[in-house]
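> There's a structure below that I have some questions on.
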Amino acid sequence: MGTALIGDPGGPSLLLDARRNLDAAFTEREREDHGLIGLLPDGIESMEVQLDRARAQFADQPSDLAKYQFLSALQDRQERLFYALLRSDFQRFMPIVYTPTVGEACQRFGHMMRRPKGMYISTRRRGHIAKVLRNWPVKDVRFIVVTDGERILGLGDQGVCGMGIPLGKLALYTACAGVPPEVTLPIVIDVGTNNEAFLIDPLYPGIRQRRIEGEEYLSLIDEFVDAVQATFPDCCIQFEDFTNRNAIPLLNRYRERVCCFNDDIQGTASVAVAGLFGACRLAGTTLSQQTILFQGAGNAAVGIADLFVKELVARGMAFKDALDRCWFVNSRGLVCAGMPRLPEYLTRYAHSLDAVSIPEGAVAGPDSPMTSLADCIEAIRPTVIVGVSAVAHAFSETVVRAMARLNDRPIIFPLSNPTNKSECTAEEAIKWSGGRAIVATGSPFAPLHFGGRLFVPGQGNNVYIYPAVGMAVYASRARRVTDEMFLCAAESLARQTTDHDLSVGLIYPPVGSIFETSVQVAVDVARLIFESGLAREEHPVDIAEFVRAKVYFPEF
Ligand code: NAD
């Protein structure tokens, strides 16, 4: 208990320091030693009592957004209680601090903003970013989640209001996998916004200008990355919710020389591949038998495809054949050879249609011979459809029924967030496939009954991956983050899905046990980091013990 107070000036400042404040859990002795007598009611409370009160207050909030604000205020006041609360019931609290409610919080951020958290680095700081970073009170920052706010979930440009995402992500690094909160730092790079409503909103808290682009943008990000390296040498940078125009080039620019990753690309890929492992187990098929049609061709889609291809090649498939297992539909239709204006990262997936029979009556567009997803399904005959387009209802009844006609166990992953952008609901996928679909959704959906059976939809969300990879990187002080680590995480996650989980259609371990699951994934990934010589820490005798000893527990 006393560790909370080491080096503390005491008195009211102790109660205002969220990291050290225990409110009425301070003992009589601590109250005497630190000048707290009279500043608190005399009753001394355990964490359990404080948790009960917090749960009751949470339940009293009139809306999910009010619940979000309540949790945010609790984090500002008493950090340990905040994390203990999250860890006590992930099923209940995760949809509030994370998708879907965090999306609404970002949209309303400027209006409901109270105490600023994290750092805001705008174009006005160009040339001085390292100096700005030194204003952060903690010197040994090990994890930065940074966004430029341009593609927040499926909600588009939220400018600096996108700060909700780094905050939520980092809270889950700690809650789900035990990364100590004091080593984390959320950052928004404010390069302007093209959100018209924000540009004229007097309560918008960012700089009021259109986004900078091109070389002007890139040089600012370069300066930021260099400044992080200089200021926090052991820090890993997680790029978050950048639009695909920037996300993929930025990842390729830094991944070989900086400890960094992009969760939308690599974390999503990992959780999707883990889901495919589980789906194959459930369907009695193999990964090599799958053909995936992606609705959407951005960060998440290409990330999943690249990791899937890597895994197929590792299993012995020729690279070209593995590429042929992935097809994409973007806003212009089926991506195929000859489609104009394709970004470089998509060209290898732009297959010839010579061997494909285009259904009669298929609607062609100016750039593609097929523009409807249903027609593409008839032509490509995929075993898996993955929705990462943020186009709500794209997996229509026609689409799901076509998948169910072509496959005994169609694999249907509507992964877009938040909930109102999901390509279909879990219930729709189950109902329209007659209970045969294997489903994972990006945002949470409640369990349901169909045909007398219970179905528990899995949450195909990178929250199963990035906190765990983060914990492994933190514990080992990894020099780089590699795709192999994300494959390792996928395998570890899939191994932890039990036959009982699969019996109710759940292809991931339950969200309720995400802490235990994530720590195990972290141990497995840390083992790979040590084995591949990427750790800056010395190889410990027992890696599991080493990682577990570094896990943060929010105790009083
Ligand atoms: P992105 O902007 O990089 O890509 C979106 C893609 O959708 C683009 O290729 C675009 O052409 C395509 N698209 C737009 N309209 C379309 C249409 N009508 N038909 C077909 N395609 C269309 O975004 P992203 O990072 O790939 O994220 C996409 C979605 O996936 C978001 O909702 C995001 O929240 C979600 N996502 C979920 C997870 C998860 O863990 N479940 C992780 C990352 C992203």
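Quick note on naming: the chains in the structure tokens go A, B, ... in the order shown, residues restart at 1 in each chain, and ligands are numbered from 1 in order of appearance.
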Kindly work out which residues sit at most 6 Å from ligand 1, using only C-alpha atoms and all ligand atoms, and give the list as JSON, numbers by chain.
{"A": [153, 154, 243, 244, 264, 268, 295, 296, 297, 298, 299, 300, 301, 329, 330, 331, 388, 389, 390, 391, 415, 416, 417, 442, 460, 461, 462]}
> Can you write just those residues out, C-alpha atoms, as a short mmCIF file (atom, residue, chain, number, x, y, z; two decimals), in the first residue's frame?

data_model
loop_
_atom_site.label_atom_id
_atom_site.label_comp_id
_atom_site.auth_asym_id
_atom_site.auth_seq_id
_atom_site.Cartn_x
_atom_site.Cartn_y
_atom_site.Cartn_z
CA LEU A 153 -13.06 3.87 -37.08
CA GLY A 154 -15.46 3.99 -40.03
CA THR A 243 -6.25 6.80 -43.96
CA ASN A 244 -4.87 4.17 -46.34
CA ASP A 264 -5.26 -1.32 -38.48
CA THR A 268 -6.39 -6.58 -37.73
CA GLN A 295 -15.47 -5.90 -49.26
CA GLY A 296 -13.12 -2.90 -48.94
CA ALA A 297 -9.54 -2.66 -50.14
CA GLY A 298 -7.85 -0.39 -47.62
CA ASN A 299 -5.57 -0.80 -44.60
CA ALA A 300 -7.43 -3.63 -42.94
CA ALA A 301 -8.20 -5.62 -46.10
CA VAL A 329 -14.15 -5.14 -54.02
CA ASN A 330 -13.57 -1.42 -53.56
CA SER A 331 -15.86 1.56 -54.06
CA VAL A 388 -13.76 -3.84 -44.00
CA SER A 389 -15.39 -1.07 -46.01
CA ALA A 390 -17.44 0.69 -43.30
CA VAL A 391 -20.45 0.28 -45.62
CA LEU A 415 -15.37 -6.39 -39.26
CA SER A 416 -16.20 -2.69 -39.75
CA ASN A 417 -16.61 -0.44 -36.73
CA GLY A 442 -15.65 -6.05 -35.41
CA GLY A 460 -12.97 -10.18 -34.56
CA ASN A 461 -11.26 -7.15 -33.19
CA ASN A 462 -7.57 -6.33 -32.96
#
> When you look at region 219-227 of chain A with a cut-off of 10 Å (counting only C-alpha atoms), what residues show up, excluding the ones that are within fewer than 3 positions of it in the same chain? I need them as a PyMOL selection string.
chain A and resi 121-123+125-134+148+189+191+212-216+230-233+237+250+253-254+258+260
> I'd like the interatomic distance between CA of Asp354 (chain A) and CA of Asp324 (chain A), to a tenth of an Å.
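Separation of CA of Asp354 (chain A) and CA of Asp324 (chain A): 12.8 Å.
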> Give the alpha helix (DSSP H) residues of region 26-245 of chain A, as DSSP finds them on the backbone, and put them as a PyMOL selection string.
chain A and resi 28-33+47-60+64-77+79-88+90-97+101-107+109-112+129-133+164-177+196-199+214-231+244-245
> Extract, using only C-alpha atoms, all DNA, RNA and protein residues at most 7 Å from Phe82 (chain A), discarding same-chain residues fewer than 5 positions from it, and format them as a count of residues only.
3
> Neighbouring residues of Thr441 (chain A) were defined as those with any atom within 10 Å, considering only C-alpha atoms; residues of the same chain fewer than 6 positions away were excluded. Please report them as an NGL selection string.
:A and (386-387 or 412-417 or 419 or 422-426 or 457-461)
> Please save all heavy atoms of the selected residues as a tab-separated table (two decimals), in the first residue's frame.

chain	number	residue	atom	x	y	z
A	386	VAL	N	-15.03	-10.94	-46.04
A	386	VAL	CA	-14.56	-10.09	-44.94
A	386	VAL	C	-15.00	-8.66	-45.25
A	386	VAL	O	-14.67	-8.12	-46.32
A	386	VAL	CB	-13.02	-10.15	-44.80
A	386	VAL	CG1	-12.55	-9.19	-43.72
A	386	VAL	CG2	-12.57	-11.57	-44.47
A	387	GLY	N	-15.74	-8.06	-44.34
A	387	GLY	CA	-16.22	-6.69	-44.54
A	387	GLY	C	-15.33	-5.71	-43.81
A	387	GLY	O	-15.27	-5.69	-42.59
A	412	ILE	N	-18.17	-15.65	-42.50
A	412	ILE	CA	-18.64	-14.29	-42.73
A	412	ILE	C	-18.13	-13.39	-41.61
A	412	ILE	O	-18.52	-13.53	-40.46
A	412	ILE	CB	-20.19	-14.28	-42.82
A	412	ILE	CG1	-20.61	-15.15	-44.02
A	412	ILE	CG2	-20.72	-12.85	-42.95
A	412	ILE	CD1	-22.08	-15.21	-44.31
A	413	PHE	N	-17.23	-12.47	-41.98
A	413	PHE	CA	-16.61	-11.59	-41.00
A	413	PHE	C	-16.96	-10.12	-41.32
A	413	PHE	O	-16.22	-9.45	-42.05
A	413	PHE	CB	-15.07	-11.73	-41.04
A	413	PHE	CG	-14.51	-13.02	-40.49
A	413	PHE	CD1	-13.12	-13.23	-40.53
A	413	PHE	CD2	-15.30	-14.01	-39.92
A	413	PHE	CE1	-12.56	-14.41	-40.02
A	413	PHE	CE2	-14.75	-15.18	-39.42
A	413	PHE	CZ	-13.37	-15.39	-39.47
A	414	PRO	N	-18.04	-9.58	-40.80
A	414	PRO	CA	-18.29	-8.14	-40.97
A	414	PRO	C	-17.49	-7.37	-39.91
A	414	PRO	O	-17.94	-7.22	-38.77
A	414	PRO	CB	-19.81	-8.01	-40.74
A	414	PRO	CG	-20.19	-9.21	-39.92
A	414	PRO	CD	-19.11	-10.25	-40.03
A	415	LEU	N	-16.32	-6.90	-40.27
A	415	LEU	CA	-15.37	-6.39	-39.26
A	415	LEU	C	-15.43	-4.87	-39.05
A	415	LEU	O	-14.74	-4.34	-38.19
A	415	LEU	CB	-13.93	-6.79	-39.63
A	415	LEU	CG	-13.62	-8.28	-39.66
A	415	LEU	CD1	-12.12	-8.50	-39.90
A	415	LEU	CD2	-14.04	-8.99	-38.38
A	416	SER	N	-16.23	-4.17	-39.86
A	416	SER	CA	-16.20	-2.69	-39.75
A	416	SER	C	-16.77	-2.21	-38.43
A	416	SER	O	-17.69	-2.79	-37.87
A	416	SER	CB	-16.96	-2.06	-40.92
A	416	SER	OG	-16.20	-2.21	-42.10
A	417	ASN	N	-16.21	-1.11	-37.98
A	417	ASN	CA	-16.61	-0.44	-36.73
A	417	ASN	C	-17.01	0.99	-37.03
A	417	ASN	O	-16.56	1.55	-38.03
A	417	ASN	CB	-15.43	-0.42	-35.75
A	417	ASN	CG	-15.00	-1.81	-35.34
A	417	ASN	OD1	-15.81	-2.67	-35.12
A	417	ASN	ND2	-13.69	-2.02	-35.27
A	419	THR	N	-20.52	-0.18	-34.50
A	419	THR	CA	-21.60	-1.13	-34.79
A	419	THR	C	-22.45	-0.68	-35.97
A	419	THR	O	-22.82	-1.50	-36.82
A	419	THR	CB	-22.51	-1.28	-33.55
A	419	THR	OG1	-21.67	-1.39	-32.40
A	419	THR	CG2	-23.39	-2.49	-33.64
A	422	SER	N	-21.25	-1.81	-39.37
A	422	SER	CA	-21.03	-3.23	-39.60
A	422	SER	C	-21.75	-3.67	-40.89
A	422	SER	O	-22.88	-3.25	-41.14
A	422	SER	CB	-21.58	-4.02	-38.40
A	422	SER	OG	-21.21	-5.35	-38.52
A	423	GLU	N	-21.09	-4.51	-41.69
A	423	GLU	CA	-21.65	-4.91	-42.98
A	423	GLU	C	-22.93	-5.73	-42.81
A	423	GLU	O	-23.77	-5.79	-43.70
A	423	GLU	CB	-20.62	-5.71	-43.79
A	423	GLU	CG	-19.52	-4.85	-44.43
A	423	GLU	CD	-18.45	-4.39	-43.46
A	423	GLU	OE1	-18.42	-4.86	-42.29
A	423	GLU	OE2	-17.61	-3.55	-43.86
A	424	CYS	N	-23.08	-6.42	-41.67
A	424	CYS	CA	-24.35	-7.03	-41.29
A	424	CYS	C	-24.26	-7.31	-39.79
A	424	CYS	O	-23.18	-7.21	-39.21
A	424	CYS	CB	-24.65	-8.32	-42.07
A	424	CYS	SG	-23.54	-9.69	-41.71
A	425	THR	N	-25.39	-7.64	-39.19
A	425	THR	CA	-25.34	-8.01	-37.77
A	425	THR	C	-25.03	-9.50	-37.67
A	425	THR	O	-25.20	-10.25	-38.65
A	425	THR	CB	-26.68	-7.73	-37.07
A	425	THR	OG1	-27.67	-8.59	-37.65
A	425	THR	CG2	-27.10	-6.26	-37.22
A	426	ALA	N	-24.63	-9.93	-36.48
A	426	ALA	CA	-24.37	-11.36	-36.28
A	426	ALA	C	-25.67	-12.14	-36.51
A	426	ALA	O	-25.67	-13.21	-37.14
A	426	ALA	CB	-23.85	-11.59	-34.86
A	457	PRO	N	-21.44	-14.85	-31.01
A	457	PRO	CA	-20.58	-14.27	-32.05
A	457	PRO	C	-19.23	-13.85	-31.49
A	457	PRO	O	-19.16	-13.24	-30.42
A	457	PRO	CB	-21.36	-13.04	-32.53
A	457	PRO	CG	-22.67	-13.04	-31.82
A	457	PRO	CD	-22.57	-13.98	-30.66
A	458	GLY	N	-18.16	-14.20	-32.18
A	458	GLY	CA	-16.83	-13.77	-31.74
A	458	GLY	C	-16.60	-12.33	-32.13
A	458	GLY	O	-17.15	-11.86	-33.13
A	459	GLN	N	-15.79	-11.61	-31.32
A	459	GLN	CA	-15.45	-10.24	-31.69
A	459	GLN	C	-14.11	-10.26	-32.42
A	459	GLN	O	-13.06	-10.38	-31.79
A	459	GLN	CB	-15.43	-9.32	-30.47
A	459	GLN	CG	-15.44	-7.86	-30.89
A	459	GLN	CD	-15.50	-6.88	-29.72
A	459	GLN	OE1	-15.77	-7.27	-28.60
A	459	GLN	NE2	-15.24	-5.62	-30.01
A	460	GLY	N	-14.19	-10.18	-33.74
A	460	GLY	CA	-12.97	-10.18	-34.56
A	460	GLY	C	-12.36	-8.80	-34.52
A	460	GLY	O	-12.44	-8.03	-35.46
A	461	ASN	N	-11.78	-8.51	-33.39
A	461	ASN	CA	-11.26	-7.15	-33.19
A	461	ASN	C	-9.80	-7.23	-32.76
A	461	ASN	O	-9.44	-8.10	-31.96
A	461	ASN	CB	-12.10	-6.43	-32.13
A	461	ASN	CG	-11.80	-4.96	-32.14
A	461	ASN	OD1	-10.71	-4.53	-31.76
A	461	ASN	ND2	-12.75	-4.17	-32.59
> Rounded to one decimal in Å, what is the spacing between CA of Arg19 (chain A) and CA of Glu79 (chain A)?
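If I compute the distance from CA of Arg19 (chain A) to CA of Glu79 (chain A), I get 5.3 Å.
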> Quick one: residues within 7 Å of region 302-310 of chain A, only C-alpha atoms, excluding same-chain residues fewer than 5 positions away - as a PyMOL selection string?
chain A and resi 265-266+268-269+272-273+297+322-323+326
> I'd like to know which of A:Asp375, A:Phe93, A:Thr286, A:Pro343 is closest to Pro249 (chain A), using only C-alpha atoms.
A:Pro343
> What's around region 470-484 of chain A at 8 Å? Count only C-alpha atoms, leave out sequence neighbours fewer than 5 positions away in its own chain, and write the answer as a ChimeraX atom specification.
/A:142-143,173,177-179,234,236,255-261,266,307,519,522-523,525-526,529-530,534-537,546-547,550-551
> Can you pull out the residues contacting Gly156 (chain A)? Cut-off 10 Å, using only C-alpha atoms, and skip same-chain residues under 6 positions away; I want them as a PDB file with N, CA, C and O atoms, in the first residue's frame.

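around.pdb, freshly written:
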ATOM      1  N   GLN A 107     -16.823  11.832 -32.008  1.00  0.00           N
ATOM      2  CA  GLN A 107     -17.644  12.796 -32.746  1.00  0.00           C
ATOM      3  C   GLN A 107     -18.066  13.974 -31.868  1.00  0.00           C
ATOM      4  O   GLN A 107     -18.259  15.075 -32.335  1.00  0.00           O
ATOM      5  N   GLY A 149      -6.036  11.444 -37.012  1.00  0.00           N
ATOM      6  CA  GLY A 149      -7.488  11.645 -36.953  1.00  0.00           C
ATOM      7  C   GLY A 149      -8.218  11.598 -38.288  1.00  0.00           C
ATOM      8  O   GLY A 149      -9.384  11.950 -38.365  1.00  0.00           O
ATOM      9  N   GLU A 150      -7.538  11.126 -39.354  1.00  0.00           N
ATOM     10  CA  GLU A 150      -8.199  11.254 -40.666  1.00  0.00           C
ATOM     11  C   GLU A 150      -9.210  10.149 -40.946  1.00  0.00           C
ATOM     12  O   GLU A 150     -10.161  10.341 -41.708  1.00  0.00           O
ATOM     13  N   GLY A 162     -10.153  12.828 -32.803  1.00  0.00           N
ATOM     14  CA  GLY A 162      -9.754  11.427 -32.866  1.00  0.00           C
ATOM     15  C   GLY A 162      -8.944  10.999 -31.649  1.00  0.00           C
ATOM     16  O   GLY A 162      -8.650   9.816 -31.490  1.00  0.00           O
ATOM     17  N   ASN A 194     -10.418  18.135 -42.705  1.00  0.00           N
ATOM     18  CA  ASN A 194     -11.291  18.470 -43.847  1.00  0.00           C
ATOM     19  C   ASN A 194     -12.749  18.247 -43.474  1.00  0.00           C
ATOM     20  O   ASN A 194     -13.612  18.196 -44.345  1.00  0.00           O
ATOM     21  N   ASN A 195     -13.012  18.087 -42.177  1.00  0.00           N
ATOM     22  CA  ASN A 195     -14.381  17.904 -41.706  1.00  0.00           C
ATOM     23  C   ASN A 195     -15.050  19.294 -41.651  1.00  0.00           C
ATOM     24  O   ASN A 195     -14.711  20.124 -40.802  1.00  0.00           O
ATOM     25  N   ASP A 241      -5.420   4.596 -37.114  1.00  0.00           N
ATOM     26  CA  ASP A 241      -6.488   5.325 -37.807  1.00  0.00           C
ATOM     27  C   ASP A 241      -5.991   6.446 -38.720  1.00  0.00           C
ATOM     28  O   ASP A 241      -6.553   7.546 -38.752  1.00  0.00           O
ATOM     29  N   PHE A 242      -4.933   6.127 -39.462  1.00  0.00           N
ATOM     30  CA  PHE A 242      -4.521   6.974 -40.594  1.00  0.00           C
ATOM     31  C   PHE A 242      -5.275   6.439 -41.819  1.00  0.00           C
ATOM     32  O   PHE A 242      -5.544   5.243 -41.913  1.00  0.00           O
ATOM     33  N   THR A 243      -5.579   7.292 -42.759  1.00  0.00           N
ATOM     34  CA  THR A 243      -6.247   6.805 -43.958  1.00  0.00           C
ATOM     35  C   THR A 243      -5.243   6.006 -44.794  1.00  0.00           C
ATOM     36  O   THR A 243      -4.034   6.203 -44.690  1.00  0.00           O
ATOM     37  N   ALA A 390     -16.591  -0.245 -44.055  1.00  0.00           N
ATOM     38  CA  ALA A 390     -17.435   0.694 -43.298  1.00  0.00           C
ATOM     39  C   ALA A 390     -18.710   1.022 -44.076  1.00  0.00           C
ATOM     40  O   ALA A 390     -19.259   2.106 -43.922  1.00  0.00           O
TER      41      ALA A 390
END
> As a list of chain:residue names, please: every residue in region 312-464 of chain A that DSSP puts in strand (DSSP E or B).
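DSSP on the backbone gives strand (DSSP E or B) at A:Cys326, A:Trp327, A:Phe328, A:Val329, A:Asn330, A:Gly333, A:Leu334, A:Val384, A:Ile385, A:Val386, A:Gly387, A:Ile411, A:Ile412, A:Phe413, A:Pro414, A:Ile438, A:Val439, A:Ala440, A:Thr441, A:Leu448, A:His449, A:Phe450, A:Arg453, A:Leu454, A:Phe455, A:Gly458, A:Gln459.
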> For Gln69 (chain A), which residue among A:Met112, A:Asp33, A:Phe294, A:Thr99 is the nearest when counting only C-alpha atoms?
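Residue with the minimum atom-to-atom distance to Gln69 (chain A): A:Met112.
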> How far is it from CA of Ala489 (chain A) to CA of Ala446 (chain A), in Å with one decimal?
25.5 Å
